[in-house]
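Text of protein_29.cif, listed as mmCIF, C-alpha atoms:
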data_start
loop_
_atom_site.label_atom_id
_atom_site.label_comp_id
_atom_site.auth_asym_id
_atom_site.auth_seq_id
_atom_site.Cartn_x
_atom_site.Cartn_y
_atom_site.Cartn_z
CA MET A 1 -19.16 -0.48 31.55
CA THR A 2 -19.96 0.09 27.87
CA LEU A 3 -17.41 -0.96 25.27
CA LYS A 4 -16.85 2.67 24.27
CA LYS A 5 -15.99 3.62 27.83
CA LEU A 6 -13.84 0.54 28.22
CA TRP A 7 -11.89 1.41 25.07
CA GLN A 8 -11.50 5.05 26.00
CA SER A 9 -10.38 4.39 29.56
CA SER A 10 -7.85 1.80 28.42
CA THR A 11 -6.39 4.06 25.75
CA GLU A 12 -6.27 7.02 28.14
CA GLN A 13 -4.28 4.90 30.55
CA LEU A 14 -1.82 3.97 27.82
CA GLU A 15 -1.64 7.49 26.44
CA LEU A 16 -0.18 8.64 29.71
CA SER A 17 2.78 6.39 29.18
CA LEU A 18 3.22 7.44 25.57
CA ALA A 19 5.96 9.96 25.38
CA ILE A 20 6.08 11.58 22.00
CA GLY A 21 8.00 14.36 23.61
CA LYS A 22 9.00 17.64 22.15
CA LYS A 23 12.33 16.03 21.34
CA ASN A 24 10.74 13.46 19.01
CA ALA A 25 8.53 16.02 17.28
CA ALA A 26 11.48 18.35 16.82
CA GLU A 27 13.56 15.51 15.36
CA ILE A 28 10.88 14.79 12.78
CA THR A 29 10.99 18.37 11.55
CA LYS A 30 14.73 18.05 10.96
CA ILE A 31 15.06 14.63 9.39
CA LYS A 32 15.21 14.66 5.64
CA VAL A 33 13.33 11.43 5.53
CA GLN A 34 11.86 9.61 2.65
CA THR A 35 8.42 8.45 3.57
CA ILE A 36 7.26 4.99 2.68
CA LEU A 37 5.25 6.35 -0.21
CA PHE A 38 8.01 8.40 -1.73
CA SER A 39 10.61 5.71 -1.17
CA MET A 40 8.89 3.99 -4.09
CA LYS A 41 10.11 6.73 -6.40
CA PRO A 42 13.85 6.09 -6.88
CA ILE A 43 13.41 2.50 -8.03
CA LYS A 44 10.71 3.56 -10.46
CA ILE A 45 12.80 6.40 -11.84
CA PHE A 46 15.73 3.99 -12.24
CA SER A 47 13.49 1.46 -14.01
CA ILE A 48 12.14 4.15 -16.34
CA LEU A 49 15.62 5.41 -17.23
CA ALA A 50 17.00 1.89 -17.75
CA GLY A 51 13.92 1.03 -19.82
CA ILE A 52 14.25 4.15 -21.98
CA LEU A 53 17.93 3.39 -22.60
CA TRP A 54 17.09 -0.18 -23.57
CA VAL A 55 14.23 0.67 -25.94
CA GLY A 56 16.29 3.52 -27.38
CA PHE A 57 19.14 1.12 -28.08
CA VAL A 58 16.88 -1.49 -29.68
CA ASP A 59 15.01 1.16 -31.69
CA VAL A 60 18.27 2.56 -33.07
CA LEU A 61 19.46 -0.96 -33.83
CA MET A 62 16.25 -1.78 -35.68
CA ILE A 63 16.30 1.44 -37.71
CA ASN A 64 19.93 1.04 -38.72
CA LEU A 65 19.62 -2.65 -39.53
CA PHE A 66 16.19 -2.41 -41.11
CA GLN A 67 17.48 -3.08 -44.64
CA VAL A 68 19.86 -5.89 -43.76
CA ALA A 69 18.44 -7.62 -40.66
CA ASN A 70 16.38 -10.73 -41.02
CA PRO A 71 12.62 -10.26 -40.52
CA PHE A 72 12.51 -12.61 -37.51
CA PHE A 73 14.88 -10.36 -35.62
CA LEU A 74 12.98 -7.21 -36.60
CA ILE A 75 9.58 -8.62 -35.63
CA SER A 76 10.85 -10.14 -32.36
CA ALA A 77 12.70 -6.97 -31.35
CA GLY A 78 9.68 -4.87 -32.34
CA ILE A 79 7.35 -6.89 -30.10
CA GLN A 80 9.84 -6.81 -27.25
CA VAL A 81 10.26 -3.04 -27.52
CA ILE A 82 6.49 -2.41 -27.64
CA LEU A 83 5.95 -4.48 -24.49
CA THR A 84 8.83 -2.74 -22.72
CA LYS A 85 7.36 0.64 -23.67
CA LEU A 86 4.05 -0.44 -22.15
CA ALA A 87 5.87 -1.39 -18.93
CA ILE A 88 7.60 2.03 -18.91
CA GLY A 89 4.19 3.63 -19.41
CA ILE A 90 2.91 1.85 -16.29
CA TYR A 91 5.84 3.12 -14.23
CA LEU A 92 5.19 6.67 -15.52
CA TYR A 93 1.53 6.31 -14.57
CA GLN A 94 2.64 5.24 -11.09
CA LEU A 95 4.95 8.26 -10.75
CA ILE A 96 2.08 10.58 -11.67
CA LEU A 97 -0.18 8.87 -9.14
CA ILE A 98 2.48 9.15 -6.41
CA HIS A 99 2.48 12.91 -6.94
CA GLN A 100 -1.30 13.07 -6.81
CA VAL A 101 -1.65 11.26 -3.50
CA ASP A 102 -2.60 13.58 -0.67
CA MET A 103 -2.57 11.55 2.54
CA SER A 104 -4.99 13.97 4.21
CA GLY A 105 -7.75 12.97 1.78
CA PRO A 106 -10.72 10.72 2.66
CA ILE A 107 -9.66 7.15 3.48
CA LEU A 108 -11.58 5.32 0.76
CA GLU A 109 -10.41 7.66 -2.00
CA ILE A 110 -6.76 7.68 -0.96
CA GLN A 111 -6.59 3.97 -0.28
CA GLU A 112 -8.10 3.22 -3.68
CA LYS A 113 -5.48 5.43 -5.35
CA LEU A 114 -2.65 3.80 -3.41
CA ALA A 115 -3.93 0.29 -3.98
CA ARG A 116 -4.35 0.87 -7.72
CA LEU A 117 -0.87 2.31 -7.82
CA LYS A 118 0.67 -0.70 -6.11
CA SER A 119 -1.37 -3.35 -7.85
CA SER A 120 -0.60 -1.89 -11.29
CA THR A 121 2.91 -3.28 -10.77
CA LEU A 122 1.42 -6.68 -11.62
CA TRP A 123 0.86 -5.41 -15.16
CA VAL A 124 4.61 -4.94 -15.50
CA ALA A 125 5.08 -8.61 -14.58
CA ARG A 126 2.39 -9.61 -17.08
CA PHE A 127 4.10 -7.69 -19.90
CA LEU A 128 7.49 -9.12 -19.00
CA PHE A 129 6.14 -12.65 -19.19
CA LEU A 130 4.44 -11.87 -22.49
CA GLN A 131 7.87 -11.16 -23.97
CA LEU A 132 9.04 -14.73 -23.38
CA PRO A 133 8.35 -16.16 -26.89
CA VAL A 134 10.28 -13.47 -28.77
CA TRP A 135 13.47 -14.48 -26.96
CA THR A 136 13.13 -17.83 -28.76
CA THR A 137 12.56 -16.34 -32.23
CA PHE A 138 14.85 -13.32 -32.66
CA TYR A 139 17.77 -15.48 -33.83
CA TRP A 140 15.82 -17.34 -36.51
CA ASN A 141 17.03 -16.78 -40.06
CA GLU A 142 16.32 -18.03 -43.55
CA SER A 143 19.34 -20.35 -43.79
CA MET A 144 18.32 -21.98 -40.51
CA LEU A 145 14.83 -22.60 -41.84
CA SER A 146 15.99 -23.81 -45.23
CA SER A 147 18.44 -26.31 -43.76
CA SER A 148 15.53 -28.72 -43.56
CA ASN A 149 16.85 -30.27 -40.39
CA PHE A 150 13.70 -31.90 -39.09
CA LEU A 151 15.02 -32.36 -35.54
CA LEU A 152 15.88 -28.66 -35.34
CA TYR A 153 12.36 -27.76 -36.45
CA ILE A 154 10.87 -29.99 -33.80
CA ILE A 155 13.05 -28.68 -30.96
CA GLN A 156 12.61 -25.06 -31.99
CA GLY A 157 8.88 -25.55 -32.47
CA ILE A 158 8.43 -27.14 -29.05
CA VAL A 159 10.45 -24.42 -27.31
CA THR A 160 8.68 -21.51 -29.02
CA LEU A 161 5.24 -23.05 -28.69
CA SER A 162 5.68 -23.87 -25.02
CA PHE A 163 7.05 -20.38 -24.27
CA THR A 164 4.09 -18.86 -26.10
CA VAL A 165 1.54 -20.98 -24.27
CA ILE A 166 3.16 -20.22 -20.89
CA ALA A 167 3.43 -16.49 -21.66
CA VAL A 168 -0.17 -16.12 -22.79
CA TRP A 169 -1.45 -18.26 -19.93
CA LEU A 170 0.48 -16.23 -17.35
CA PHE A 171 -0.62 -12.97 -18.96
CA LEU A 172 -4.25 -14.01 -18.67
CA ASN A 173 -4.02 -15.60 -15.24
CA ILE A 174 -1.86 -13.23 -13.20
CA ASN A 175 -4.71 -11.55 -11.36
CA TYR A 176 -6.28 -11.18 -7.94
CA GLU A 177 -8.57 -14.20 -8.28
CA ASN A 178 -5.57 -16.51 -8.53
CA ARG A 179 -3.62 -15.03 -5.63
CA ASP A 180 -4.00 -18.17 -3.51
CA LYS A 181 -2.93 -20.63 -6.21
CA LYS A 182 0.39 -22.40 -5.66
CA TRP A 183 1.95 -21.19 -8.94
CA PHE A 184 0.99 -17.59 -8.14
CA ARG A 185 2.53 -17.80 -4.66
CA LEU A 186 5.64 -19.33 -6.21
CA ILE A 187 6.13 -16.49 -8.70
CA PHE A 188 5.24 -13.68 -6.32
CA ASN A 189 6.91 -15.16 -3.29
CA GLY A 190 9.35 -12.37 -2.45
CA THR A 191 8.71 -9.74 0.20
CA GLU A 192 8.81 -7.06 -2.51
CA TRP A 193 5.54 -8.46 -3.84
CA GLN A 194 3.72 -8.44 -0.49
CA PRO A 195 2.56 -4.81 -0.78
CA VAL A 196 1.24 -5.59 -4.25
CA ILE A 197 -0.71 -8.61 -3.04
CA LYS A 198 -2.03 -6.72 -0.02
CA SER A 199 -3.08 -3.81 -2.20
CA MET A 200 -5.09 -6.19 -4.38
CA GLU A 201 -6.88 -7.46 -1.31
CA LEU A 202 -7.55 -3.89 -0.23
CA LEU A 203 -9.01 -3.02 -3.63
CA HIS A 204 -11.34 -5.96 -3.23
CA GLN A 205 -12.35 -4.64 0.22
CA ILE A 206 -12.90 -1.13 -1.17
CA ASP A 207 -15.11 -2.45 -3.97
CA HIS A 208 -17.08 -4.45 -1.44
CA TYR A 209 -17.29 -1.42 0.85
CA LYS A 210 -18.58 0.76 -1.96
CA MET A 211 -21.15 -1.83 -2.94
CA ASN A 212 -22.36 -2.04 0.64
CA THR A 213 -22.57 1.72 0.95
CA ARG A 214 -25.11 1.75 -1.85
CA ASP A 215 -27.45 -0.50 0.13
CA MET B 1 3.43 30.54 8.11
CA ASN B 2 7.21 30.63 8.45
CA GLU B 3 9.31 27.60 9.28
CA LYS B 4 9.61 28.43 12.96
CA GLU B 5 5.84 28.82 13.34
CA GLN B 6 5.31 25.61 11.43
CA ASN B 7 7.70 23.76 13.74
CA GLN B 8 5.93 25.13 16.80
CA LEU B 9 2.51 24.24 15.45
CA PHE B 10 3.66 20.73 14.64
CA GLN B 11 5.11 20.17 18.11
CA GLN B 12 1.95 21.56 19.67
CA LEU B 13 -0.22 19.29 17.53
CA MET B 14 1.81 16.25 18.46
CA GLU B 15 1.59 17.07 22.13
CA GLN B 16 -2.16 17.63 22.06
CA HIS B 17 -3.20 14.88 19.68
CA LYS B 18 -0.59 12.17 20.17
CA GLY B 19 -3.41 9.94 21.41
CA ILE B 20 -4.92 9.74 17.92
CA LEU B 21 -1.66 8.43 16.48
CA PHE B 22 -1.21 5.95 19.26
CA LYS B 23 -4.75 4.58 19.14
CA ILE B 24 -4.55 4.03 15.41
CA ALA B 25 -1.13 2.40 15.64
CA ARG B 26 -2.48 0.16 18.37
CA THR B 27 -5.48 -0.82 16.27
CA TYR B 28 -3.43 -1.75 13.22
CA CYS B 29 -0.19 -3.15 14.65
CA GLN B 30 0.42 -5.87 17.17
CA ASP B 31 4.18 -5.61 17.06
CA GLU B 32 5.74 -2.86 19.17
CA GLU B 33 8.52 -2.16 16.71
CA ASP B 34 5.97 -1.77 13.91
CA ARG B 35 3.99 0.61 16.11
CA GLN B 36 7.02 2.81 16.53
CA ASP B 37 7.60 2.77 12.78
CA ILE B 38 3.99 3.53 12.03
CA ILE B 39 3.82 6.42 14.53
CA GLN B 40 6.97 7.88 13.08
CA GLU B 41 5.56 7.57 9.56
CA MET B 42 2.35 9.29 10.69
CA MET B 43 4.36 12.13 12.21
CA ILE B 44 6.35 12.56 9.02
CA GLN B 45 3.21 12.65 6.89
CA ILE B 46 1.57 15.16 9.24
CA TRP B 47 4.68 17.32 9.15
CA GLN B 48 4.85 17.18 5.37
CA SER B 49 1.13 17.91 4.95
CA LEU B 50 0.96 20.72 7.50
CA HIS B 51 1.17 23.51 4.94
CA LYS B 52 -1.78 21.95 3.09
CA TYR B 53 -4.08 21.91 6.11
CA ASN B 54 -7.55 23.07 5.15
CA ASP B 55 -9.39 24.66 8.09
CA LYS B 56 -12.79 23.67 6.76
CA PHE B 57 -12.06 20.37 8.54
CA LYS B 58 -11.57 19.94 12.26
CA ILE B 59 -7.93 19.35 13.08
CA SER B 60 -8.83 15.95 14.58
CA THR B 61 -10.58 14.94 11.32
CA TRP B 62 -7.48 15.92 9.37
CA LEU B 63 -5.21 14.00 11.76
CA TYR B 64 -7.44 10.92 11.68
CA ARG B 65 -7.36 10.95 7.89
CA ILE B 66 -3.59 11.13 7.62
CA SER B 67 -2.95 8.64 10.41
CA LEU B 68 -5.48 6.12 9.12
CA ASN B 69 -4.19 6.44 5.57
CA VAL B 70 -0.67 5.77 6.80
CA ALA B 71 -1.76 2.86 8.97
CA ILE B 72 -3.76 1.14 6.23
CA SER B 73 -1.02 1.52 3.63
CA PHE B 74 1.75 0.56 6.03
CA TYR B 75 3.90 -2.45 5.23
CA ARG B 76 7.05 -3.66 6.88
CA LYS B 77 9.75 -1.71 5.14
CA ASP B 78 12.74 -2.55 7.30
CA ALA B 79 15.26 -2.11 4.54
CA VAL B 80 13.89 1.24 3.43
CA ARG B 81 14.22 3.13 6.62
CA ILE B 82 17.15 1.67 8.50
CA GLY B 83 19.19 4.65 9.53
CA ASN B 84 16.28 7.02 9.28
CA ARG B 85 14.49 6.00 12.39
CA THR B 86 14.42 8.06 15.56
CA ALA B 87 13.63 6.26 18.75
CA LEU B 88 10.24 7.04 20.18
CA ASN B 89 10.11 6.80 23.92
CA GLU B 90 7.10 4.61 24.14
CA HIS B 91 6.17 2.27 26.87
CA PHE B 92 3.37 0.32 25.34
CA SER B 93 4.01 -2.69 27.46
CA GLN B 94 3.17 -1.02 30.71
CA ILE B 95 -0.19 -2.70 30.97
CA GLN B 96 0.06 -5.32 33.64
CA GLU B 97 -1.02 -8.44 31.86
CA SER B 98 -0.97 -10.49 35.00
CA GLU B 99 -4.06 -8.75 36.34
CA THR B 100 -6.91 -10.43 34.62
CA THR B 101 -9.83 -8.48 35.88
CA GLU B 102 -13.15 -8.64 34.13
CA LYS B 103 -12.43 -5.29 32.56
CA GLU B 104 -9.18 -6.56 31.09
CA GLN B 105 -10.81 -9.70 29.81
CA GLN B 106 -13.40 -7.61 28.04
CA MET B 107 -10.66 -5.43 26.62
CA LYS B 108 -8.87 -8.52 25.34
CA LEU B 109 -12.07 -9.70 23.72
CA LEU B 110 -12.52 -6.31 22.12
CA GLU B 111 -8.97 -6.37 20.78
CA GLN B 112 -9.51 -9.88 19.42
CA PHE B 113 -12.65 -8.68 17.67
CA ILE B 114 -10.82 -5.70 16.14
CA ASN B 115 -7.91 -7.86 14.99
CA LYS B 116 -10.27 -10.03 12.98
CA LEU B 117 -11.68 -7.09 11.04
CA ASN B 118 -10.41 -5.94 7.67
CA ASP B 119 -8.50 -2.65 7.40
CA LEU B 120 -11.52 -0.51 6.52
CA ASP B 121 -13.73 -1.96 9.23
CA LYS B 122 -10.90 -1.40 11.71
CA ALA B 123 -11.03 2.30 10.85
CA LEU B 124 -14.79 2.28 11.28
CA ILE B 125 -14.81 0.56 14.68
CA LEU B 126 -12.01 2.79 15.93
CA LEU B 127 -13.99 5.91 15.04
CA TYR B 128 -17.12 4.42 16.58
CA LEU B 129 -15.31 3.58 19.82
CA GLU B 130 -13.83 7.07 19.85
CA ASP B 131 -17.42 8.33 19.88
CA LYS B 132 -17.16 10.19 16.61
CA SER B 133 -20.42 11.40 15.10
CA HIS B 134 -21.68 9.80 11.89
CA ALA B 135 -20.99 13.10 10.13
CA GLU B 136 -17.37 13.05 11.24
CA ILE B 137 -16.98 9.36 10.39
CA SER B 138 -18.32 10.08 6.92
CA GLU B 139 -15.87 12.96 6.47
CA ILE B 140 -12.93 10.86 7.54
CA LEU B 141 -13.81 7.79 5.49
CA GLY B 142 -15.23 9.62 2.50
CA ILE B 143 -18.69 8.04 2.50
CA SER B 144 -22.08 9.68 3.02
CA ALA B 145 -23.41 10.20 6.55
CA SER B 146 -26.30 7.81 5.96
CA ASN B 147 -23.92 5.14 4.72
CA ALA B 148 -21.67 5.77 7.71
CA SER B 149 -24.70 5.27 9.91
CA THR B 150 -25.56 1.98 8.17
CA LYS B 151 -21.98 0.78 8.49
CA VAL B 152 -21.77 1.69 12.16
CA GLY B 153 -25.07 -0.10 12.78
CA ARG B 154 -23.70 -3.25 11.17
CA ILE B 155 -20.45 -3.20 13.08
CA LYS B 156 -22.34 -2.62 16.34
CA ASP B 157 -24.46 -5.69 15.60
CA LYS B 158 -21.35 -7.73 14.92
CA LEU B 159 -19.80 -6.48 18.13
CA LYS B 160 -22.90 -7.32 20.15
CA GLN B 161 -23.01 -10.77 18.64
CA TYR B 162 -19.33 -11.35 19.40
CA PHE B 163 -19.74 -10.40 23.04
CA THR B 164 -22.87 -12.45 23.61
CA THR B 165 -21.56 -15.70 22.11
#
Starting from the file, lay out its structure as structure tokens.
Amino acid sequence: MTLKKLWQSSTEQLELSLAIGKKNAAEITKIKVQTILFSMKPIKIFSILAGILWVGFVDVLMINLFQVANPFFLISAGIQVILTKLAIGIYLYQLILIHQVDMSGPILEIQEKLARLKSSTLWVARFLFLQLPVWTTFYWNESMLSSSNFLLYIIQGIVTLSFTVIAVWLFLNINYENRDKKWFRLIFNGTEWQPVIKSMELLHQIDHYKMNTRD
Amino acid sequence: MNEKEQNQLFQQLMEQHKGILFKIARTYCQDEEDRQDIIQEMMIQIWQSLHKYNDKFKISTWLYRISLNVAISFYRKDAVRIGNRTALNEHFSQIQESETTEKEQQMKLLEQFINKLNDLDKALILLYLEDKSHAEISEILGISASNASTKVGRIKDKLKQYFTT
């Protein structure tokens, strides 16, 4: 028996016992379900709204305090707000992509769209890590710097420098190639990151598939 | 198409083509509970896409596309859909595993082979085993017919090699 016939006869046998009855089909037409794809939407909309509120608040604060606030605060808050706006931009991009996905499209095209959509979430993580140093500088002020307390300089310097090094390093290294590294697994350990990791693997497969198809 | 006609068409489609959904779920999921989830998700997507059906494609091509897209992008989402699930009356476990005939051993080997493949190759072997033409495979996957032919040739070689070693 050929493998094709073997497969077909085995699936026919199992099909007989598969009862997607009229009842099940009718139930589907009634349920107001959120599909897996669209279930991604509420959390993204919430993140966008929360993000807009936050950047709006910081923007207003910066504008109103522009004349009186110390420059360290203004620069730190400015950097933080720019990075948060970039993260909001990514979520908006994802929302647009969610609307563009037509699951009846060709597999390679749709899977690439979905995988790009999911894996772009990693960029949000990269931007969030990149904000780390400004949380160690926004409270600096002139009197603190002119106090000439050498120990304070050292401690502050070490903290800010190490946060900067870690932030830049993570920003540069959070990518698909490092997915098997211990530190990567540690950061992206939660189940919420599994779809992101799997989508990166799928993108790799799609690229490989496309390359092969040009042979 | 009014809602009633759409409902009827959907139920008719599910009755006639349920095998497509099942075969794909079987190819991508080992766990029975996941299979039920995945079949339900496929049905939802088909229902939601019904009004967009383009008759330049065969209905089976359209169903394969949706079902494969769902299967490949499926992840365990227990928390998301608790309370939304309807029970599907499936009896996947009706194969008598105790009978280990040669045919069943070969089937097990075939399943082992499929399990080792990546998601895209799983789609390809499934379509090959379902005896789809290269033209139809290319339409479903979104690659050219000649590339589909090359890909099928490669997977056949791998399959042959697996069964002879």
Just want the 10 Å neighbourhood of range 126-136 of chain A, counted on only C-alpha atoms, with same-chain residues fewer than 6 positions away dropped. Output as a PyMOL selection string.
chain A and resi 72-73+75-87+156-157+159-175
Separation of CA of Asn141 in chain A from CA of Phe57 in chain A in Å
21.6 Å
Would you kindly return, as a ChimeraX atom specification, each protein, DNA or RNA residue with an atom no farther than 7 Å from any atom of Leu129 in chain B, considering all atoms listed in the file and excluding same-chain residues fewer than 4 positions away?
/A:4,7 /B:125
When you look at Lys158 in chain B with a cut-off of 12 Å (counting only C-alpha atoms), what residues show up, excluding the ones that are within fewer than 6 positions of it in the same chain? I need them as a VMD selection string.
chain B and resid 110 113 to 114 116 to 117 121 125 151 to 152 164 to 165
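With only C-alpha atoms as the atoms that count, the minimum distance from Ile59 in chain B to the choices B:Ile143, B:Ile24, B:Ala148, B:Ile46 is reached by B:Ile46.
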Care to translate the PyMOL selection byres ((chain B and resi 132-142) around 12) into actual residues of this file, as a PyMOL selection string?
(chain A and resi 4+103-112+206+209-210+213) or (chain B and resi 56-69+119-131+143-153)
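For the residues B:Met43, B:Ala25, B:Leu109, B:Ile155, ranking by smallest atom-to-atom distance to chain A using all atoms listed in the file places B:Met43 first.
Between chain B and the candidates A:Tyr153, A:Ile52, A:Arg185, A:Lys118, the tightest atom-to-atom separation, counting all atoms listed in the file, involves A:Lys118.
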Distance in Å - CA of Asp180 in chain A versus CA of Glu201 in chain A:
11.3 Å
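In this comparison, which uses all atoms listed in the file, the residue of B:Glu15, B:Glu41, B:Glu111, B:Glu33 approaching Val70 in chain B most closely is B:Glu41.
Within the 9 Å cut-off around Glu142 in chain A, using all atoms listed in the file and omitting residues fewer than 4 positions from it on the same chain, the listed residues are A:Asn70, A:Phe72, A:Ser146, A:Ser147.
The space between CA of Val124 in chain A and CA of Ile90 in chain A spans 7.0 Å.
Ranking A:Ala115, A:Val60, A:Trp183, A:Leu92 by their shortest atom-to-atom distance to chain B, with only C-alpha atoms included, puts A:Ala115 first.
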Assuming the chain letters and numbering stay as they are in my file, what does the PyMOL selection byres ((chain B and resi 47) around 9) actually select? List them as number ranges by chain.
A: 28-29; B: 6-7, 10, 42-46, 48-51
Box for range 108-121 of chain B: with edges along x, y and z, all listed atoms inside and 6 Å added on each side, what are the centre and edge lengths in Å to one decimal, as lines of an AutoDock Vina configuration file?
center_x = -10.8
center_y = -5.3
center_z = 15.9
size_x = 17.8
size_y = 21.5
size_z = 30.8
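Closest approach to chain B among A:Lys113, A:Lys182, A:Val55, A:Ala125 is made by A:Lys113 (distances from only C-alpha atoms).
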Output file: range 110-148 of chain B, C-alpha atoms, as a PDB file, in the first residue's frame:
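As written to disk, decode05.pdb reads:
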ATOM      1  CA  LEU B 110       4.411   8.237   8.927  1.00  0.00           C
ATOM      2  CA  GLU B 111       3.067  10.191  11.896  1.00  0.00           C
ATOM      3  CA  GLN B 112       6.516  10.225  13.487  1.00  0.00           C
ATOM      4  CA  PHE B 113       7.953  11.576  10.256  1.00  0.00           C
ATOM      5  CA  ILE B 114       5.309  14.312  10.068  1.00  0.00           C
ATOM      6  CA  ASN B 115       5.818  15.294  13.708  1.00  0.00           C
ATOM      7  CA  LYS B 116       9.481  15.970  13.051  1.00  0.00           C
ATOM      8  CA  LEU B 117       8.748  18.417  10.236  1.00  0.00           C
ATOM      9  CA  ASN B 118       8.486  22.164  10.668  1.00  0.00           C
ATOM     10  CA  ASP B 119       5.084  23.853  10.346  1.00  0.00           C
ATOM     11  CA  LEU B 120       5.418  24.726   6.660  1.00  0.00           C
ATOM     12  CA  ASP B 121       6.666  21.299   5.642  1.00  0.00           C
ATOM     13  CA  LYS B 122       3.786  19.765   7.600  1.00  0.00           C
ATOM     14  CA  ALA B 123       1.390  21.711   5.386  1.00  0.00           C
ATOM     15  CA  LEU B 124       3.259  20.533   2.310  1.00  0.00           C
ATOM     16  CA  ILE B 125       3.273  16.839   3.227  1.00  0.00           C
ATOM     17  CA  LEU B 126      -0.375  16.972   4.218  1.00  0.00           C
ATOM     18  CA  LEU B 127      -1.328  18.381   0.819  1.00  0.00           C
ATOM     19  CA  TYR B 128       0.887  15.829  -0.907  1.00  0.00           C
ATOM     20  CA  LEU B 129      -0.683  12.943   1.005  1.00  0.00           C
ATOM     21  CA  GLU B 130      -4.118  14.331   0.210  1.00  0.00           C
ATOM     22  CA  ASP B 131      -3.152  13.960  -3.449  1.00  0.00           C
ATOM     23  CA  LYS B 132      -3.456  17.638  -4.255  1.00  0.00           C
ATOM     24  CA  SER B 133      -2.048  18.740  -7.595  1.00  0.00           C
ATOM     25  CA  HIS B 134       1.046  20.944  -7.659  1.00  0.00           C
ATOM     26  CA  ALA B 135      -1.141  23.764  -8.962  1.00  0.00           C
ATOM     27  CA  GLU B 136      -3.468  23.470  -5.991  1.00  0.00           C
ATOM     28  CA  ILE B 137      -0.572  23.166  -3.536  1.00  0.00           C
ATOM     29  CA  SER B 138       0.926  26.325  -4.994  1.00  0.00           C
ATOM     30  CA  GLU B 139      -2.395  28.168  -4.638  1.00  0.00           C
ATOM     31  CA  ILE B 140      -2.797  27.113  -1.035  1.00  0.00           C
ATOM     32  CA  LEU B 141       0.769  27.850   0.037  1.00  0.00           C
ATOM     33  CA  GLY B 142       1.284  30.910  -2.132  1.00  0.00           C
ATOM     34  CA  ILE B 143       4.328  29.694  -4.058  1.00  0.00           C
ATOM     35  CA  SER B 144       4.713  29.034  -7.787  1.00  0.00           C
ATOM     36  CA  ALA B 145       3.699  25.659  -9.224  1.00  0.00           C
ATOM     37  CA  SER B 146       7.273  24.844 -10.204  1.00  0.00           C
ATOM     38  CA  ASN B 147       8.476  25.635  -6.708  1.00  0.00           C
ATOM     39  CA  ALA B 148       5.670  23.529  -5.273  1.00  0.00           C
TER      40      ALA B 148
END
